[in-house]
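> Provided below: query_0.txt, containing compact mmCIF, C-alpha atoms and all ligand atoms.
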# COMPACT_ATOMS: atom_id res chain seq x y z
CA MET I 1 -13.94 6.27 4.26
CA ALA I 2 -16.52 6.05 7.04
CA GLU I 3 -15.34 2.61 8.09
CA GLU I 4 -11.89 3.90 9.07
CA ASN I 5 -13.41 6.30 11.54
CA VAL I 6 -15.53 3.80 13.47
CA LEU I 7 -14.26 2.98 16.92
CA THR I 8 -13.41 -0.68 17.32
CA GLY I 9 -16.01 -2.68 19.27
CA PHE I 10 -13.78 -2.74 22.30
CA TRP I 11 -13.29 1.03 22.55
CA SER I 12 -16.96 1.67 21.91
CA LEU I 13 -17.85 -0.66 24.79
CA TRP I 14 -15.14 0.97 26.90
CA THR I 15 -16.67 4.46 26.57
CA TRP I 16 -20.06 3.02 27.50
CA ILE I 17 -18.70 1.25 30.57
CA ILE I 18 -16.90 4.36 31.79
CA SER I 19 -19.84 6.73 31.18
CA VAL I 20 -22.62 4.54 32.59
CA GLY I 21 -20.35 3.28 35.38
CA LEU I 22 -19.55 6.83 36.48
CA ILE I 23 -23.21 7.83 36.56
CA LEU I 24 -24.15 4.73 38.56
CA SER I 25 -21.33 5.36 41.00
CA PHE I 26 -22.62 8.92 41.56
CA LEU I 27 -26.06 7.52 42.29
CA TYR I 28 -24.57 5.10 44.79
CA LEU I 29 -22.53 7.86 46.41
CA LEU I 30 -25.62 10.04 46.84
CA HIS I 31 -27.65 7.17 48.18
CA PHE I 32 -24.91 6.37 50.68
CA ALA I 33 -24.45 9.99 51.81
CA LYS I 34 -28.21 10.56 52.17
CA ARG I 35 -28.46 8.05 54.99
CA ILE I 36 -26.79 10.51 57.35
CA LYS I 37 -29.44 12.01 59.60
CA GLY I 38 -29.10 15.53 60.94
CA SER I 39 -28.76 16.06 64.70
CA ASP I 40 -27.05 18.49 67.09
CA SER I 41 -25.87 15.81 69.50
CA PRO I 42 -22.12 15.89 70.23
CA ASP I 43 -21.54 12.41 68.77
CA ARG I 44 -22.55 13.74 65.34
CA LYS I 45 -19.49 15.97 65.38
CA MET I 46 -16.66 15.25 62.98
CA HIS I 47 -13.39 14.43 64.67
CA HIS I 48 -11.47 17.48 63.57
CA THR I 49 -11.11 21.10 64.66
CA PHE I 50 -9.68 24.03 62.71
CA ASP I 51 -8.81 27.09 64.79
CA GLY I 52 -11.46 26.08 67.29
CA ILE I 53 -14.13 25.61 64.62
CA GLU I 54 -15.86 22.26 64.73
CA GLU I 55 -18.00 20.62 62.11
CA TYR I 56 -21.27 18.67 62.38
CA ASP I 57 -21.81 15.70 60.11
CA ASN I 58 -25.02 17.11 58.65
CA PRO I 59 -27.06 15.89 55.67
CA MET I 60 -26.48 17.59 52.33
CA PRO I 61 -28.86 20.48 51.56
CA LYS I 62 -31.96 19.50 49.59
CA TRP I 63 -31.42 22.01 46.78
CA TRP I 64 -27.91 20.72 46.27
CA LEU I 65 -29.11 17.09 46.15
CA MET I 66 -31.80 18.01 43.64
CA LEU I 67 -29.21 19.72 41.48
CA PHE I 68 -27.02 16.64 41.60
CA TYR I 69 -29.93 14.32 40.70
CA GLY I 70 -30.82 16.73 37.95
CA THR I 71 -27.39 16.50 36.35
CA ILE I 72 -27.54 12.69 36.56
CA PHE I 73 -30.88 12.53 34.77
CA TRP I 74 -29.66 15.06 32.25
CA GLY I 75 -26.65 12.84 31.65
CA LEU I 76 -28.78 9.72 31.17
CA GLY I 77 -31.06 11.59 28.80
CA TYR I 78 -28.08 12.86 26.83
CA LEU I 79 -26.69 9.33 26.59
CA ALA I 80 -29.99 8.11 25.20
CA VAL I 81 -30.43 10.82 22.58
CA TYR I 82 -26.92 11.48 21.30
CA PRO I 83 -24.45 9.04 19.76
CA MET I 84 -21.59 7.58 21.71
CA GLY I 85 -18.98 5.10 20.48
CA ASN I 86 -20.47 3.10 17.61
CA SER I 87 -24.07 3.45 18.67
CA GLN I 88 -26.71 5.68 17.25
CA GLY I 89 -28.74 7.76 19.72
CA LEU I 90 -32.54 8.12 19.74
CA SER I 91 -31.97 11.20 17.59
CA GLY I 92 -30.81 8.91 14.76
CA ILE I 93 -27.44 10.71 14.60
CA THR I 94 -24.16 8.77 14.67
CA ASN I 95 -20.65 10.13 15.10
CA ILE I 96 -19.96 9.07 11.53
CA SER I 97 -22.97 10.90 10.12
CA ARG I 98 -21.95 13.99 12.09
CA LEU I 99 -18.42 13.83 10.72
CA GLU I 100 -19.72 13.36 7.19
CA ALA I 101 -22.12 16.27 7.55
CA ASP I 102 -19.26 18.47 8.79
CA GLN I 103 -17.07 17.40 5.92
CA GLN I 104 -19.80 18.07 3.40
CA ALA I 105 -20.50 21.51 4.84
CA HIS I 106 -16.76 22.23 4.70
CA GLN I 107 -16.60 21.03 1.10
CA GLU I 108 -19.61 23.16 0.11
CA LYS I 109 -18.17 26.23 1.78
CA TYR I 110 -14.54 25.95 0.67
CA GLY I 111 -14.74 23.59 -2.32
CA PRO I 112 -15.54 26.34 -4.85
CA ILE I 113 -12.77 28.56 -3.46
CA PHE I 114 -10.16 25.79 -3.77
CA GLU I 115 -11.43 24.89 -7.23
CA LYS I 116 -11.20 28.49 -8.40
CA HIS I 117 -7.60 28.79 -7.18
CA ALA I 118 -6.59 25.38 -8.57
CA ALA I 119 -7.30 26.66 -12.09
CA VAL I 120 -4.74 29.48 -11.77
CA PRO I 121 -1.01 28.74 -12.40
CA VAL I 122 1.08 28.74 -9.21
CA GLU I 123 3.21 31.80 -10.12
CA GLU I 124 0.13 33.87 -10.86
CA LEU I 125 -1.77 32.63 -7.81
CA ALA I 126 1.13 33.85 -5.66
CA ASN I 127 -0.19 37.40 -6.27
CA ASN I 128 -3.67 36.51 -5.01
CA GLU I 129 -4.01 37.78 -1.46
CA GLU I 130 -6.79 35.38 -0.49
CA ALA I 131 -4.88 32.33 -1.75
CA VAL I 132 -1.67 33.39 -0.01
CA LYS I 133 -3.59 33.83 3.23
CA ILE I 134 -5.09 30.33 2.98
CA GLY I 135 -1.66 29.01 2.02
CA ARG I 136 -0.10 30.56 5.08
CA ARG I 137 -2.69 28.90 7.33
CA LEU I 138 -2.07 25.53 5.67
CA PHE I 139 1.66 26.07 6.06
CA LEU I 140 1.37 26.75 9.79
CA ASN I 141 -0.66 23.56 10.22
CA SER I 142 1.35 21.16 8.09
CA CYS I 143 4.82 22.52 7.44
CA ALA I 144 5.93 24.86 10.21
CA VAL I 145 6.97 21.99 12.51
CA CYS I 146 9.92 21.39 10.21
CA HIS I 147 10.44 24.59 8.22
CA GLY I 148 9.63 27.00 11.06
CA GLN I 149 6.73 29.46 11.42
CA ASP I 150 8.56 31.99 9.27
CA ALA I 151 9.59 29.26 6.73
CA ARG I 152 13.26 30.12 7.27
CA GLY I 153 14.08 26.51 8.09
CA GLY I 154 16.87 25.40 10.37
CA TYR I 155 19.52 22.75 10.64
CA GLY I 156 18.63 20.11 8.01
CA PHE I 157 15.45 21.94 6.98
CA PRO I 158 15.81 24.27 4.02
CA ASN I 159 14.98 27.96 4.17
CA LEU I 160 12.02 28.46 1.80
CA THR I 161 12.27 32.24 1.63
CA ASP I 162 15.72 32.76 0.11
CA ASN I 163 15.23 31.76 -3.53
CA ASP I 164 18.07 29.25 -3.14
CA TRP I 165 16.59 25.90 -4.14
CA LEU I 166 17.67 22.32 -3.72
CA TYR I 167 15.09 21.07 -6.20
CA GLY I 168 14.08 24.22 -8.06
CA GLY I 169 11.86 27.21 -7.44
CA ALA I 170 9.49 27.19 -10.43
CA GLY I 171 5.84 26.99 -9.34
CA ASP I 172 5.27 23.50 -10.68
CA THR I 173 8.57 22.22 -9.25
CA ILE I 174 7.63 23.44 -5.77
CA LYS I 175 4.26 21.74 -6.21
CA THR I 176 5.95 18.48 -7.27
CA THR I 177 8.18 18.67 -4.19
CA ILE I 178 5.21 19.05 -1.85
CA MET I 179 3.03 16.45 -3.60
CA GLY I 180 5.54 13.65 -3.84
CA GLY I 181 8.11 14.56 -1.21
CA ARG I 182 11.88 14.46 -1.76
CA GLN I 183 14.74 12.35 -0.53
CA GLY I 184 18.25 13.81 -0.57
CA MET I 185 21.06 11.26 -0.97
CA MET I 186 24.54 12.44 -0.12
CA PRO I 187 26.79 9.36 0.16
CA ALA I 188 29.30 8.92 2.99
CA TRP I 189 32.96 9.38 1.97
CA GLY I 190 34.75 8.68 5.24
CA GLU I 191 35.84 5.17 4.24
CA SER I 192 36.89 5.76 0.67
CA LEU I 193 38.69 9.11 1.18
CA GLY I 194 40.03 8.58 4.69
CA GLU I 195 40.15 11.33 7.34
CA ASP I 196 42.87 13.30 5.50
CA GLY I 197 40.95 13.17 2.23
CA VAL I 198 37.77 14.33 3.98
CA ASN I 199 39.68 17.24 5.51
CA ASP I 200 41.22 18.22 2.16
CA VAL I 201 38.01 18.14 0.14
CA ALA I 202 36.10 19.92 2.93
CA ASN I 203 38.60 22.77 2.78
CA TYR I 204 38.26 22.85 -0.99
CA VAL I 205 34.46 23.06 -0.60
CA LEU I 206 34.91 26.08 1.68
CA THR I 207 37.06 27.87 -0.93
CA LEU I 208 34.22 27.45 -3.47
CA SER I 209 32.28 30.16 -1.65
CA GLY I 210 35.38 32.30 -1.19
CA ARG I 211 35.90 31.46 2.45
CA GLU I 212 39.12 32.96 3.85
CA ASP I 213 39.16 30.54 6.78
CA ALA I 214 39.95 27.55 4.52
CA ASP I 215 43.36 25.86 4.68
CA LYS I 216 44.77 26.71 1.21
CA GLU I 217 47.21 23.78 1.01
CA ALA I 218 44.59 21.23 2.02
CA ALA I 219 42.17 22.82 -0.44
CA ALA I 220 44.68 22.44 -3.29
CA ARG I 221 44.90 18.70 -2.57
CA GLY I 222 41.13 18.53 -2.11
CA LYS I 223 40.52 19.99 -5.55
CA GLU I 224 41.71 16.68 -7.09
CA LEU I 225 39.33 14.72 -4.89
CA PHE I 226 36.38 16.85 -5.96
CA SER I 227 36.14 14.76 -9.14
CA ASN I 228 34.28 12.31 -6.88
CA CYS I 229 31.66 14.93 -6.22
CA ALA I 230 31.24 16.50 -9.64
CA ALA I 231 28.71 13.90 -10.85
CA CYS I 232 26.17 15.32 -8.43
CA HIS I 233 27.36 18.78 -7.40
CA GLY I 234 28.65 19.67 -10.88
CA PRO I 235 32.32 20.26 -11.86
CA ASP I 236 32.15 23.84 -10.57
CA GLY I 237 30.17 22.85 -7.42
CA LYS I 238 27.05 24.76 -8.41
CA GLY I 239 24.82 21.79 -7.64
CA ASN I 240 22.16 19.86 -9.53
CA GLN I 241 18.49 20.38 -8.88
CA MET I 242 17.54 17.08 -10.54
CA LEU I 243 19.27 15.31 -7.64
CA GLY I 244 18.71 17.88 -4.92
CA ALA I 245 22.50 18.29 -4.70
CA PRO I 246 23.06 21.71 -3.14
CA ASN I 247 25.01 24.55 -4.66
CA LEU I 248 28.30 24.56 -2.71
CA THR I 249 29.45 27.98 -3.92
CA ASP I 250 26.91 30.29 -2.26
CA ASN I 251 27.88 30.00 1.41
CA THR I 252 24.29 28.98 2.22
CA TRP I 253 24.33 25.74 4.19
CA LEU I 254 21.67 23.18 4.91
CA TYR I 255 23.85 21.39 7.44
CA GLY I 256 26.10 24.17 8.64
CA GLY I 257 29.15 25.80 7.10
CA THR I 258 31.84 25.40 9.76
CA LEU I 259 34.76 23.16 8.80
CA GLN I 260 33.60 20.65 11.42
CA ARG I 261 30.07 20.50 10.02
CA VAL I 262 31.19 20.25 6.39
CA LYS I 263 33.62 17.46 7.31
CA HIS I 264 30.85 15.66 9.17
CA THR I 265 28.59 15.91 6.10
CA ILE I 266 31.27 14.52 3.79
CA ARG I 267 32.46 11.81 6.18
CA ASN I 268 29.03 10.43 7.14
CA GLY I 269 26.75 11.49 4.29
CA ARG I 270 23.29 13.06 4.63
CA SER I 271 19.76 11.99 3.72
CA GLY I 272 17.24 14.74 4.34
CA LYS I 273 13.65 13.64 3.78
CA MET I 274 10.77 15.86 2.77
CA PRO I 275 7.54 13.85 3.31
CA ALA I 276 4.93 13.56 0.54
CA HIS I 277 1.72 15.53 1.17
CA GLN I 278 -0.47 14.48 -1.74
CA ASP I 279 -2.53 12.01 0.31
CA LEU I 280 -2.55 14.15 3.43
CA LEU I 281 -3.75 17.39 1.86
CA GLY I 282 -4.99 16.65 -1.65
CA GLU I 283 -3.82 18.39 -4.81
CA GLN I 284 -5.95 21.55 -4.47
CA LYS I 285 -4.50 22.47 -1.09
CA VAL I 286 -0.98 21.63 -2.24
CA HIS I 287 -1.51 23.95 -5.22
CA ILE I 288 -2.35 26.83 -2.88
CA LEU I 289 0.59 25.93 -0.62
CA ALA I 290 2.94 26.01 -3.61
CA ALA I 291 1.69 29.52 -4.40
CA TYR I 292 2.34 30.60 -0.82
CA ILE I 293 5.89 29.17 -0.89
CA TYR I 294 6.52 30.81 -4.26
CA SER I 295 5.33 34.16 -2.90
CA LEU I 296 7.88 34.05 -0.06
CA SER I 297 10.89 34.53 -2.32
CA ASN I 298 9.22 36.30 -5.26
CA LYS I 299 7.87 39.54 -3.85
C1 LIG I 301 9.04 16.24 8.65
C2 LIG I 301 9.62 17.49 8.28
C3 LIG I 301 9.03 18.23 7.10
C4 LIG I 301 7.73 18.62 6.89
C5 LIG I 301 6.51 18.37 7.78
C6 LIG I 301 7.73 19.37 5.69
N1 LIG I 301 8.98 19.41 5.16
FE1 LIG I 301 9.49 20.35 3.44
N2 LIG I 301 11.37 19.58 3.61
C7 LIG I 301 11.85 18.87 4.67
C8 LIG I 301 13.24 18.51 4.44
C9 LIG I 301 14.16 17.75 5.39
C10 LIG I 301 13.58 19.02 3.16
C11 LIG I 301 14.92 18.89 2.46
C12 LIG I 301 14.98 17.57 1.75
C13 LIG I 301 16.38 17.27 1.33
O1 LIG I 301 17.30 17.50 2.15
O2 LIG I 301 16.56 16.81 0.21
C14 LIG I 301 12.37 19.70 2.68
C15 LIG I 301 12.29 20.34 1.45
C16 LIG I 301 11.22 21.13 1.04
C17 LIG I 301 11.18 21.90 -0.16
C18 LIG I 301 12.27 21.99 -1.20
C19 LIG I 301 13.13 23.19 -0.95
C20 LIG I 301 14.18 23.36 -2.00
O3 LIG I 301 15.14 24.08 -1.70
O4 LIG I 301 14.02 22.86 -3.13
C21 LIG I 301 9.97 22.55 -0.18
C22 LIG I 301 9.45 23.49 -1.26
C23 LIG I 301 9.26 22.15 1.00
N3 LIG I 301 10.04 21.29 1.73
C24 LIG I 301 8.00 22.61 1.33
C25 LIG I 301 7.24 22.05 2.35
C26 LIG I 301 5.86 22.34 2.56
C27 LIG I 301 5.01 23.30 1.77
C28 LIG I 301 5.46 21.57 3.62
C29 LIG I 301 4.08 21.45 4.22
C30 LIG I 301 3.07 20.90 3.37
C31 LIG I 301 6.62 20.84 4.08
N4 LIG I 301 7.67 21.16 3.30
C32 LIG I 301 6.60 19.97 5.15
C33 LIG I 301 11.16 18.54 5.81
C34 LIG I 301 9.81 18.73 5.99
C1 LIG I 302 25.26 10.90 -5.42
C2 LIG I 302 25.31 12.35 -5.49
C3 LIG I 302 26.29 13.05 -4.61
C4 LIG I 302 27.66 12.91 -4.58
C5 LIG I 302 28.52 11.97 -5.40
C6 LIG I 302 28.14 13.85 -3.60
N1 LIG I 302 27.11 14.54 -3.05
FE1 LIG I 302 27.23 15.99 -1.63
N2 LIG I 302 25.23 16.06 -1.55
C7 LIG I 302 24.38 15.37 -2.37
C8 LIG I 302 23.03 15.64 -1.97
C9 LIG I 302 21.77 15.10 -2.62
C10 LIG I 302 23.11 16.52 -0.86
C11 LIG I 302 21.94 17.08 -0.05
C12 LIG I 302 21.62 16.06 1.05
C13 LIG I 302 20.32 16.32 1.74
O1 LIG I 302 19.51 17.08 1.18
O2 LIG I 302 20.14 15.78 2.82
C14 LIG I 302 24.51 16.77 -0.64
C15 LIG I 302 25.00 17.61 0.35
C16 LIG I 302 26.32 17.96 0.46
C17 LIG I 302 26.82 18.95 1.38
C18 LIG I 302 25.99 19.74 2.37
C19 LIG I 302 25.69 21.12 1.83
C20 LIG I 302 24.96 22.01 2.80
O3 LIG I 302 24.32 22.95 2.33
O4 LIG I 302 25.01 21.77 4.01
C21 LIG I 302 28.16 19.03 1.20
C22 LIG I 302 29.14 19.92 1.91
C23 LIG I 302 28.49 18.08 0.16
N3 LIG I 302 27.35 17.45 -0.26
C24 LIG I 302 29.76 17.86 -0.32
C25 LIG I 302 30.07 16.80 -1.17
C26 LIG I 302 31.41 16.43 -1.48
C27 LIG I 302 32.66 17.15 -1.01
C28 LIG I 302 31.32 15.34 -2.28
C29 LIG I 302 32.46 14.53 -2.88
C30 LIG I 302 33.40 13.99 -1.95
C31 LIG I 302 29.94 15.05 -2.50
N4 LIG I 302 29.22 15.95 -1.78
C32 LIG I 302 29.47 14.03 -3.29
C33 LIG I 302 24.70 14.54 -3.40
C34 LIG I 302 25.96 14.09 -3.66
So that I can check it, write out the structure of this file as structure tokens.
Ligand code: HEC
Ligand code: HEC


Amino acid sequence: MAEENVLTGFWSLWTWIISVGLILSFLYLLHFAKRIKGSDSPDRKMHHTFDGIEEYDNPMPKWWLMLFYGTIFWGLGYLAVYPMGNSQGLSGITNISRLEADQQAHQEKYGPIFEKHAAVPVEELANNEEAVKIGRRLFLNSCAVCHGQDARGGYGFPNLTDNDWLYGGAGDTIKTTIMGGRQGMMPAWGESLGEDGVNDVANYVLTLSGREDADKEAAARGKELFSNCAACHGPDGKGNQMLGAPNLTDNTWLYGGTLQRVKHTIRNGRSGKMPAHQDLLGEQKVHILAAYIYSLSNK
């Protein structure tokens, strides 16, 4: 794994050129500025006046110069002792060895905690305060960008607190979702049903959750067309968690429940993607995350 973290030769050289170049340019600047000799003669005056105050072009104070030289030598010393880019400093430390030491310390500190929690089933772990706290931190880092800080989701991102599941809410199912990711596949029906068909079946879908705003006549025609949908959403529209096909009878919407939004979904299809996190986080962290998610809707 170390190899992946090494800077390429070019970038390593680049950091060296910038660092050493900057230090040398400071030295040159000081050398250049030091040549100015102090004097009170009028021709040593700078050519500007502020509110009648004039300025002499005087040499820099000694203490200030010494401080500046000091920082330069400190910088050179630091460069020699500590690692930069691919190179090892006089101290024998490299950036890679530092990273590995950090990772090992992290593993020694948290490894046993993760291991202990990994042995407990997800549903049971959801009652463990420490695990839920770790899970929440992991969630904020890796999941909140999409599902929101409070896990209530948003347009296209499911609410994880409502016990209404696309793929199922058992502990191991949640874990499978996070490990391997999920890909929803709702086909587009605009071409095969036509705009009238889309309108009819959309109105029928609204009636499934008892919506009064649905056009009853259109819905009656749409009921016939729903045979196209039953394979995935079930004959009664209650969905199928094997396919991630949502329950259409609960008035909870992933993509919005206005007639316009439902028509858009049916006409153009949808393909929500939950990314896999197995490689990013490792199974032990995912296990704790699953417990946190489970705890949100099972108080
Ligand atoms: C890039 C955005 C994104 C990130 C990051 C993300 N998710 Fe998701 N997640 C989604 C989408 C989109 C879906 C819905 C997939 C679908 O429509 O089929 C989803 C679905 C889920 C589901 C299934 C919900 C259900 O109703 O069955 C769970 C559980 C879940 N995510 C948990 C997590 C956790 C935990 C993390 C952090 C490790 C995470 N997600 C990170 C976008 C994301
Ligand atoms: C091949 C399986 C499949 C078929 C057939 C199918 N759907 Fe879907 N449908 C899905 C999936 C999967 C989703 C979730 C998409 C996602 O997660 O991005 C979905 C989502 C939806 C949604 C969005 C629900 C929400 O909460 O926003 C509506 C509405 C919908 N389908 C209606 C229909 C209608 C009406 C038909 C028939 C004309 C139909 N579907 C046919 C699989 C299917």

> Counting only C-alpha atoms and all ligand atoms, what residues are within 6 Å of ligand LIG 301 (chain I), given as a list in words?

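Listing the residues within 6 Å of ligand LIG 301 (chain I) gives Phe139, Ser142, Cys143, Val145, Cys146, Gly156, Phe157, Pro158, Trp165, Leu166, Tyr167, Gly168, Ile174, Thr177, Ile178, Arg182, Gln183, Gly184, Gly244, Gly272, Lys273, Met274, Pro275, His277 and Leu289 of chain I.
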
> Counting all atoms listed in the file, what are the residues, protein, DNA or RNA alike, that approach ligand LIG 302 (chain I) to within 7 Å? I want them as number ranges by chain.

I: 156, 183-187, 189, 201-202, 205, 225-226, 228-233, 243-246, 248, 252-257, 262, 265-266, 270-273

> I'd like to know which of I:Lys62, I:Lys175, I:Lys238, I:Arg267 is closest to Gly282 in chain I, using all atoms listed in the file.

I:Lys175

> Taking into account all atoms listed in the file, which residue in the set I:Gly75, I:Thr8, I:Thr15, I:His117 is nearest to Lys285 in chain I?

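Of I:Gly75, I:Thr8, I:Thr15, I:His117, the one nearest Lys285 in chain I, counting all atoms listed in the file, is I:His117.
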
> Tell me, in Å to one decimal, how far CA of Ser12 in chain I is from CA of Gly92 in chain I.

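Those two atoms sit 17.2 Å apart.
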
> Find the residues near Thr258 in chain I: any atom within 10 Å, counting all atoms listed in the file, skip ones fewer than 6 places away on the same chain, and give them as JSON, numbers by chain.

{"I": [202, 206, 213, 214, 264]}

> Find the residue from I:Leu193, I:Lys216, I:Val122, I:Ile96 that sits nearest to Asn298 in chain I; use all atoms listed in the file when measuring.

I:Val122

> Measure the distance from CA of Pro59 in chain I to CA of Trp74 in chain I in Å and round it to one decimal.

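Computing it gives 23.6 Å between the two atoms.
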